[in-house]
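In what follows, a single structure is set out as structure tokens and then discussed.
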Amino acid sequence: MKIDAAREGGSTVLRLGGRLDREWAEHLSTTLEELLQEGVRSVTLDLSGVTYVSSAATKVLTRWQQELAVLRGEVLLTSVPEAVRETFAIIGWDWSLEGPGRSVAGLPELRESSWQSGAGSATSGQFQMSSSVPAGTLTCRLHGHPDQLTRARLEKEDCSIMDFPRAVFGLGLGAIGGSYEECQERLGELVAVEGCIAYFPSDGARMADYLVGNESAAPRAVLASGLTCEGGFSKLVRFNTQGEAEAVPLSELAAVCLEATGARVAGLVIAGETAGLSGAKLRRSPGGLDGSPLGFEVPAVREWLSFAPERIYPLTTTLIVGVVARAAKGALAAHLRPLGVTGQLYGHFHAAVFSYHPLPRRTVELAALVRSLFENHQLRDVLHLLWDDRGEAGVGESGLVRGVGWVAPITQVS
């Protein structure tokens with residue numbers, strides 16, 4: 001079996017020759033996965049030289065056809081020998097998914113004319129904004145006070161019990177559960193979006209945990225400190241790296257999203273393929289029974305926080321939830337931190353990290369994407385994202401390769 005590739009931009013032609021049996025089907029699957037990670041969304045398979053196709057091979061091709069269809073991409077079969085075509089007919093290959101212009105159920109289509117290039121001042125990313133998303137605004141609610149974490153143990157009266165229906169997204173320190181007593185020993189980094197909650201328990205757990213709600217019951221969590229936003233998004237921002245840039249810095253992406261809203265404060269959800277993340281998470285719960293407050297001084301901070309000396313989780317897919325502002329003012333200021341050296345941009349972001357899943361280049365419904373990640377991919381971690389400003393000794397900030405963001409102005413903070 002031979003696989004020869006000819007690539008042009010986001011499209012690739014694979015010319016196959018020989019017997020496409022189970023072993024070579026796995027090689028082909030690996031090749032397709034690598035192409036998706038590199039940003040290819042259109043694949044043409046020239047089968048003129050194929051003499052045999054096994055059921056294992058048709059299974060692989062069917063899976064990738066469906067995967068790319070959801071991503072607004074395509075797998076096209078050309079020059080299919082008659083004997084091979086009969087095999088595809090037996091397994092029910094869906095020829096209707098071939099070719100441009102098709103749509104996938106649940107994913108409304110936006111014409112290319114609906115996207116406008118923006119952020120000409122960006123140095124690392126290329127950005128496009130959608131003008132076809134219904135207008136929306138967000139109300140932001142503050143929970144707890146970050147300074148309380150370093151003063152005393154978090155008590156019941158310091159925490160909120162929150163339902164997270166689909167219209168609410170949020171982040172902070174918390175735990176899945178319905179009471180302080182149930183959650184006080186497990187408070188950790190938490191993120192919630194589209195009726196799904198993910199968090200990393202700080203009780204010695206080795207894996208992040210999550211809960212996916214449904215239309216009749218929203219998942220519930222105890223939130224000790226953090227932000228929640230409710231409302232609708234007004235803009236859709238898609239992005240990828242430009243030129244020789246290896247990644248789009250989170251601060252640049254956040255600034256572009258904020259600029260798209262025309263506001264001074266905005267809430268956003270980002271789904272991105274990562275170059276690397278700079279983040280930390282709690283090792284111990286600030287509501288623990290030992291009664292001690294969180295300590296940020298060395299060496300005590302090592303007992304409280306898990307922090308990598310370099311960027312982590314490259315080639316993964318992440319959901320980032322947060323708030324960005326031009327200036328940190330009022331009660332919101334305590335929940336935000338600088339995003340860069342200029343002091344002109346502030347934010348607070350948490351990330352749920354999943355095994356790699358290529359993201360659509362075009363339109364996608366946030367709810368469908370989020371639930372697909374939780375239901376079909378491994379949740380690897382939940383992090384508080386940091387901007388490490390220690391110069392050459394620091395990690396820097398998180399970077400993404402490509403993705404899409406949903407953003408809206410925050411018009412009220414309470």
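In the structure tokens, chains take letters A, B, ... by order of appearance, with residues numbered from 1 within each chain and ligands from 1 in the order shown.
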Note to self: Report as an MDAnalysis selection string all protein, DNA and RNA residues lying within 6 Å of stretch 325-329 of chain A, evaluated on only C-alpha atoms, omitting residues in the same chain fewer than 6 positions from it.
What the structure shows: chainID A and resid 264:265 344:346
Item checked: Spatial neighbours of A:Phe354, 6 Å, only C-alpha atoms, chain gap at least 3 places, as a list in words -> Thr317, Thr318, Gln378, Leu379 and Arg380 of chain A
Hey, could you make a per-residue contact list for stretch 268-336 of chain A against stretch 240-252 of chain A with 9 Å as the cut-off, showing the nearest pair of atoms and its distance in Å to one decimal, counting only C-alpha atoms, sorted by chain and number, as a Markdown table?
| residue | atom | partner | partner_atom | distance |
| --- | --- | --- | --- | --- |
| A:Thr274 | CA | A:Ala247 | CA | 8.0 |
| A:Ala275 | CA | A:Ala247 | CA | 6.0 |
| A:Gly276 | CA | A:Ala247 | CA | 8.5 |
Generate a file of the selected residues that holds N, CA and C atoms, formatted as a compact mmCIF listing (two decimals), in the first residue's frame.
# COMPACT_ATOMS: atom_id res chain seq x y z
N THR A 274 -4.73 24.21 21.11
CA THR A 274 -3.69 24.86 21.88
C THR A 274 -2.29 24.66 21.32
N ALA A 275 -1.47 25.70 21.55
CA ALA A 275 -0.02 25.58 21.39
C ALA A 275 0.61 25.28 22.75
N GLY A 276 -0.04 25.74 23.81
CA GLY A 276 0.43 25.51 25.17
C GLY A 276 -0.31 26.41 26.14
Next item on the list: Would you kindly return, as number ranges by chain, each protein, DNA or RNA residue with an atom no farther than 12 Å from any atom of A:Ala266, considering only C-alpha atoms and excluding same-chain residues fewer than 5 positions away?
Entry: A: 136-140, 229-235, 254-261, 321-327, 332, 345-348, 405-413
Next item on the list: Assign secondary structure with DSSP using the backbone only, and return the residues of stretch 122-218 of chain A in strand (DSSP E or B) as a ChimeraX atom specification.
Entry: /A:125-130,138-143,160-163,168-176,188-193,196-199,209-212
Residue neighbourhood stretch 74-79 of chain A, 10 Å, only C-alpha atoms, exclusion window fewer than 2 positions, as a CSV table (one decimal) with C-alpha atoms, in the first residue's frame:
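Done, and the output landed in selection.csv:
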chain,number,residue,atom,x,y,z
A,11,SER,CA,-6.9,21.1,1.1
A,12,THR,CA,-5.0,17.8,0.5
A,13,VAL,CA,-5.1,15.1,-2.1
A,14,LEU,CA,-4.1,11.6,-1.0
A,15,ARG,CA,-3.3,9.1,-3.7
A,40,VAL,CA,-6.6,20.7,6.7
A,41,ARG,CA,-10.4,20.5,6.4
A,42,SER,CA,-10.8,19.3,2.8
A,43,VAL,CA,-9.3,15.9,1.8
A,44,THR,CA,-9.7,14.2,-1.6
A,45,LEU,CA,-8.8,10.5,-1.7
A,46,ASP,CA,-7.8,9.3,-5.2
A,47,LEU,CA,-8.5,5.6,-5.1
A,48,SER,CA,-7.6,4.8,-8.8
A,49,GLY,CA,-4.8,2.6,-7.6
A,50,VAL,CA,-6.7,0.7,-4.9
A,61,LEU,CA,-13.3,6.4,6.2
A,62,THR,CA,-16.9,6.6,7.4
A,64,TRP,CA,-13.5,10.6,9.2
A,65,GLN,CA,-16.2,11.6,6.7
A,66,GLN,CA,-18.6,12.2,9.5
A,67,GLU,CA,-15.9,14.0,11.6
A,68,LEU,CA,-15.1,16.4,8.8
A,69,ALA,CA,-18.7,17.0,7.9
A,70,VAL,CA,-19.3,18.3,11.5
A,71,LEU,CA,-16.3,20.5,11.1
A,72,ARG,CA,-17.7,22.0,7.8
A,81,PRO,CA,-12.7,1.4,-9.3
A,82,GLU,CA,-16.0,-0.4,-9.8
A,85,ARG,CA,-17.4,1.1,-5.3
A,95,TRP,CA,-22.2,10.0,-0.9
A,97,LEU,CA,-22.0,14.3,2.4
A,98,GLU,CA,-19.5,14.8,-0.5
A,99,GLY,CA,-19.1,18.2,-2.1
A,100,PRO,CA,-19.4,21.8,-0.9
A,102,ARG,CA,-24.0,20.9,2.5
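Between atom CA of A:Ala205 and atom CA of A:Leu315 lies a distance of 24.1 Å.
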Item checked: Residue contacts of A:Glu185 (6 Å, only C-alpha atoms) excluding same-chain residues fewer than 4 positions away, as a PyMOL selection string -> chain A and resi 285+287-288
Margin query: From a backbone DSSP assignment, name each residue in stretch 270-401 of chain A labelled helix (DSSP H, G or I), as a ChimeraX atom specification.
Written below: /A:300-304,330-335,366-376,391-393
